[in-house]
Amino acid sequence: MAWNEPGGNDKDPWGNNRKGNNDGPPDFDEILKDVGNKVTRLFGGGGGSRGSSSGDNKGSIMGLVIIALVVIAGFYIFKGFAIVNEQERAVVLRFGSYSDTKPPGLRWNPPFVDTVFTVNVTQVREWTTNEQMLTKDLNIVDIKLSAQYAIADARNFALNVKDPEVSLRQAANSALRHVVGSNAMHDVLTEGRAQIGIDVQRRLQEYLDNYTTGIRVEKVNIEDSNPPREVQDAFDDVIKAREDEERYKNEAQAYANEIIPKSRGYAQQMIEQASAYKAEVVAKAEGEARRFELLLSEYELSPEVTRQRLYLDAMQEVMSRTTKVMVDVEGGNNMMYLPLDKLVETGRSVAASQRGVSQTDLEQFIRQQVSEQIRREVGNSSRARGGR
């Protein structure tokens, strides 16, 4: 049976019945009235029985207002809390004026009073551009540049310039045009690219510091530099010609490095040989002169013996250089022929066939062969005369 059906004895599950039993929880309206009465008494309000109904209404309204204010205050306080990451810095403006720069950690700033700009100061950003520029020698080149940068001063980056990254791009283009316009095309396209990147970075940092953008340029790279497409083929021919020129220079230098030391060595060798020949000739001439002086003294003592000795020495020297000798036999009409080469060769073959034959024995054998040949020729010549 339901609690509010007839005969149910008015059993209210909240404990409220018609007999005046109020053991259950109070109504929400009663709570508001109670809070309102307390607030009214707190602000000096009072009233008797005549104003009890009006006081209850006022207390309810005041209770709602206080609860709303408490909720709003809690939301306001909660809204002011935030966390600044390790990579970030928080720039605080209070009523539009700079107040402080918050380090990493928990922060609280009153909403609608402080304006907070959070800036990442550790992230390295990159910006690239591809531009056509005029060089010092009035040539046009295509240059691709990349700039890496980070935030060095969060306050300057957030407050001093409306759009710092736009300022960075404009300053980079200006610095690049200034540096490229101060260099020749050959330097921009070849070995001067690295130095151009350094000069652009230095000039770009000067511009950004003058603008107080708070940006620090980490690196500027000239990634690519080429002539315009319309003249690319002609430029390739020029590059090839320069490479050939450099190759020929290197080959010529290598040949010079090889031939010059060799020529100097050959010249030094000729000088040494000439010096040695000079010393030999001088020494031989001095020896001949000394020998002639000694021979002259011996000739003065015994002219005939010395003359005969000179003749024999001359003949020995002459005969030692020939292999055939023609001998005029005294009293004969024919010339005698002595084949010395054949005789020497025969003696050597005999010496080779007989082991233990010394050089002296070989010479003795050759002399015997010569003597026999002479006797044979002389005998033949005598028989020929007798037959006549």
# chains A, B, ... in the order shown; residues from 1 in each chain; ligands from 1

$ residues_around --residues "Ile140 (chain A)" --least-positions-apart "5" --cutoff "9 Å" --atoms "only C-alpha atoms" --output "JSON, numbers by chain"
{"A": [132, 133, 134, 135, 185, 227, 228]}

$ residues_around --residues "Val217 (chain A)" --least-positions-apart "6" --cutoff "9 Å" --atoms "only C-alpha atoms" --output "mmCIF file with N, CA and C atoms, in the first residue's frame"
data_model
loop_
_atom_site.group_PDB
_atom_site.id
_atom_site.type_symbol
_atom_site.label_atom_id
_atom_site.label_comp_id
_atom_site.auth_asym_id
_atom_site.auth_seq_id
_atom_site.Cartn_x
_atom_site.Cartn_y
_atom_site.Cartn_z
ATOM 1 N N ALA A 147 67.312 29.834 -42.793
ATOM 2 C CA ALA A 147 67.752 30.460 -41.545
ATOM 3 C C ALA A 147 67.135 29.721 -40.369
ATOM 4 N N GLN A 148 67.968 29.324 -39.429
ATOM 5 C CA GLN A 148 67.521 28.679 -38.201
ATOM 6 C C GLN A 148 67.642 29.694 -37.064
ATOM 7 N N TYR A 149 66.575 29.831 -36.283
ATOM 8 C CA TYR A 149 66.563 30.852 -35.244
ATOM 9 C C TYR A 149 65.777 30.370 -34.031
ATOM 10 N N ALA A 150 66.015 31.029 -32.905
ATOM 11 C CA ALA A 150 65.314 30.741 -31.654
ATOM 12 C C ALA A 150 64.998 32.058 -30.963
ATOM 13 N N ILE A 151 64.172 31.983 -29.890
ATOM 14 C CA ILE A 151 63.768 33.182 -29.149
ATOM 15 C C ILE A 151 64.763 33.405 -28.020
ATOM 16 N N GLN A 201 74.454 35.912 -41.933
ATOM 17 C CA GLN A 201 74.065 35.693 -40.533
ATOM 18 C C GLN A 201 74.481 36.865 -39.649
ATOM 19 N N ARG A 202 75.696 37.360 -39.854
ATOM 20 C CA ARG A 202 76.154 38.486 -39.035
ATOM 21 C C ARG A 202 75.311 39.745 -39.289
ATOM 22 N N LEU A 204 72.244 39.883 -40.588
ATOM 23 C CA LEU A 204 70.868 39.655 -40.168
ATOM 24 C C LEU A 204 70.716 39.814 -38.655
ATOM 25 N N GLN A 205 71.683 39.327 -37.888
ATOM 26 C CA GLN A 205 71.608 39.482 -36.433
ATOM 27 C C GLN A 205 71.695 40.953 -36.035
ATOM 28 N N LEU A 208 68.196 42.433 -36.597
ATOM 29 C CA LEU A 208 67.227 41.984 -35.590
ATOM 30 C C LEU A 208 67.506 42.614 -34.231
#

$ select_by_dssp --residues "region 90-137 of chain A" --states "strand (DSSP E)" --output "number ranges by chain"
A: 90-94, 97-102, 105-108, 114-120, 125-134

$ write_last_selection --atoms "N, CA and C atoms" --output "CSV table (one decimal), in the first residue's frame"
chain,number,residue,atom,x,y,z
A,90,ALA,N,56.5,33.0,-19.7
A,90,ALA,CA,55.2,33.7,-19.7
A,90,ALA,C,55.4,35.2,-19.5
A,91,VAL,N,55.1,36.0,-20.5
A,91,VAL,CA,55.2,37.5,-20.4
A,91,VAL,C,53.8,38.0,-19.9
A,92,VAL,N,53.8,38.7,-18.8
A,92,VAL,CA,52.6,39.2,-18.2
A,92,VAL,C,52.4,40.7,-18.4
A,93,LEU,N,51.2,41.1,-18.8
A,93,LEU,CA,50.8,42.5,-18.9
A,93,LEU,C,49.7,42.7,-17.9
A,94,ARG,N,49.8,43.7,-17.1
A,94,ARG,CA,48.8,44.1,-16.1
A,94,ARG,C,48.2,45.4,-16.5
A,97,SER,N,50.2,47.1,-19.4
A,97,SER,CA,51.6,47.4,-19.2
A,97,SER,C,52.4,46.2,-18.8
A,98,TYR,N,53.6,46.2,-19.2
A,98,TYR,CA,54.5,45.0,-18.9
A,98,TYR,C,54.6,44.9,-17.4
A,99,SER,N,54.4,43.7,-16.8
A,99,SER,CA,54.6,43.5,-15.4
A,99,SER,C,55.7,42.6,-15.1
A,100,ASP,N,55.8,41.4,-15.7
A,100,ASP,CA,56.8,40.4,-15.3
A,100,ASP,C,56.9,39.4,-16.4
A,101,THR,N,58.0,38.6,-16.3
A,101,THR,CA,58.2,37.4,-17.1
A,101,THR,C,58.3,36.2,-16.2
A,102,LYS,N,57.4,35.3,-16.3
A,102,LYS,CA,57.3,34.2,-15.4
A,102,LYS,C,58.2,33.1,-15.9
A,105,GLY,N,57.0,26.8,-14.3
A,105,GLY,CA,56.3,26.4,-13.0
A,105,GLY,C,54.9,26.8,-13.0
A,106,LEU,N,54.2,26.7,-11.8
A,106,LEU,CA,52.8,27.0,-11.6
A,106,LEU,C,52.7,28.5,-11.4
A,107,ARG,N,51.8,29.2,-12.1
A,107,ARG,CA,51.6,30.6,-12.0
A,107,ARG,C,50.1,30.9,-11.8
A,108,TRP,N,49.8,32.1,-11.2
A,108,TRP,CA,48.4,32.5,-11.1
A,108,TRP,C,48.4,34.0,-11.4
A,114,ASP,N,45.3,40.6,-15.9
A,114,ASP,CA,46.6,40.3,-16.5
A,114,ASP,C,46.3,39.7,-17.9
A,115,THR,N,47.2,40.0,-18.8
A,115,THR,CA,47.2,39.4,-20.1
A,115,THR,C,48.5,38.6,-20.2
A,116,VAL,N,48.5,37.3,-20.5
A,116,VAL,CA,49.7,36.5,-20.5
A,116,VAL,C,50.0,36.0,-21.9
A,117,PHE,N,51.3,36.2,-22.4
A,117,PHE,CA,51.7,35.7,-23.6
A,117,PHE,C,52.8,34.6,-23.3
A,118,THR,N,52.5,33.4,-23.8
A,118,THR,CA,53.4,32.2,-23.5
A,118,THR,C,54.3,32.1,-24.8
A,119,VAL,N,55.6,32.1,-24.6
A,119,VAL,CA,56.6,32.0,-25.7
A,119,VAL,C,57.5,30.8,-25.4
A,120,ASN,N,57.7,30.0,-26.5
A,120,ASN,CA,58.7,28.9,-26.4
A,120,ASN,C,60.1,29.4,-26.8
A,125,ARG,N,63.5,27.2,-34.8
A,125,ARG,CA,62.6,27.3,-35.9
A,125,ARG,C,63.4,27.5,-37.2
A,126,GLU,N,62.8,27.2,-38.3
A,126,GLU,CA,63.6,27.4,-39.6
A,126,GLU,C,62.7,28.1,-40.6
A,127,TRP,N,63.3,28.9,-41.4
A,127,TRP,CA,62.6,29.6,-42.4
A,127,TRP,C,63.5,29.6,-43.7
A,128,THR,N,62.9,29.3,-44.8
A,128,THR,CA,63.6,29.2,-46.1
A,128,THR,C,63.0,30.1,-47.1
A,129,THR,N,63.8,30.5,-48.1
A,129,THR,CA,63.4,31.4,-49.2
A,129,THR,C,64.2,31.1,-50.4
A,130,ASN,N,63.7,31.4,-51.6
A,130,ASN,CA,64.3,31.2,-52.8
A,130,ASN,C,64.1,32.5,-53.6
A,131,GLU,N,65.2,33.2,-53.9
A,131,GLU,CA,65.1,34.5,-54.5
A,131,GLU,C,66.1,34.6,-55.7
A,132,GLN,N,65.8,35.5,-56.6
A,132,GLN,CA,66.7,35.9,-57.7
A,132,GLN,C,67.4,37.2,-57.3
A,133,MET,N,68.7,37.3,-57.4
A,133,MET,CA,69.4,38.5,-56.9
A,133,MET,C,70.5,38.9,-57.9
A,134,LEU,N,70.9,40.1,-57.9
A,134,LEU,CA,71.9,40.7,-58.8
A,134,LEU,C,73.3,40.7,-58.1

$ closest_residue --among "A:Arg89, A:Lys284, A:Arg203, A:Arg169" --to "Ala152 (chain A)" --atoms "only C-alpha atoms"
A:Arg89
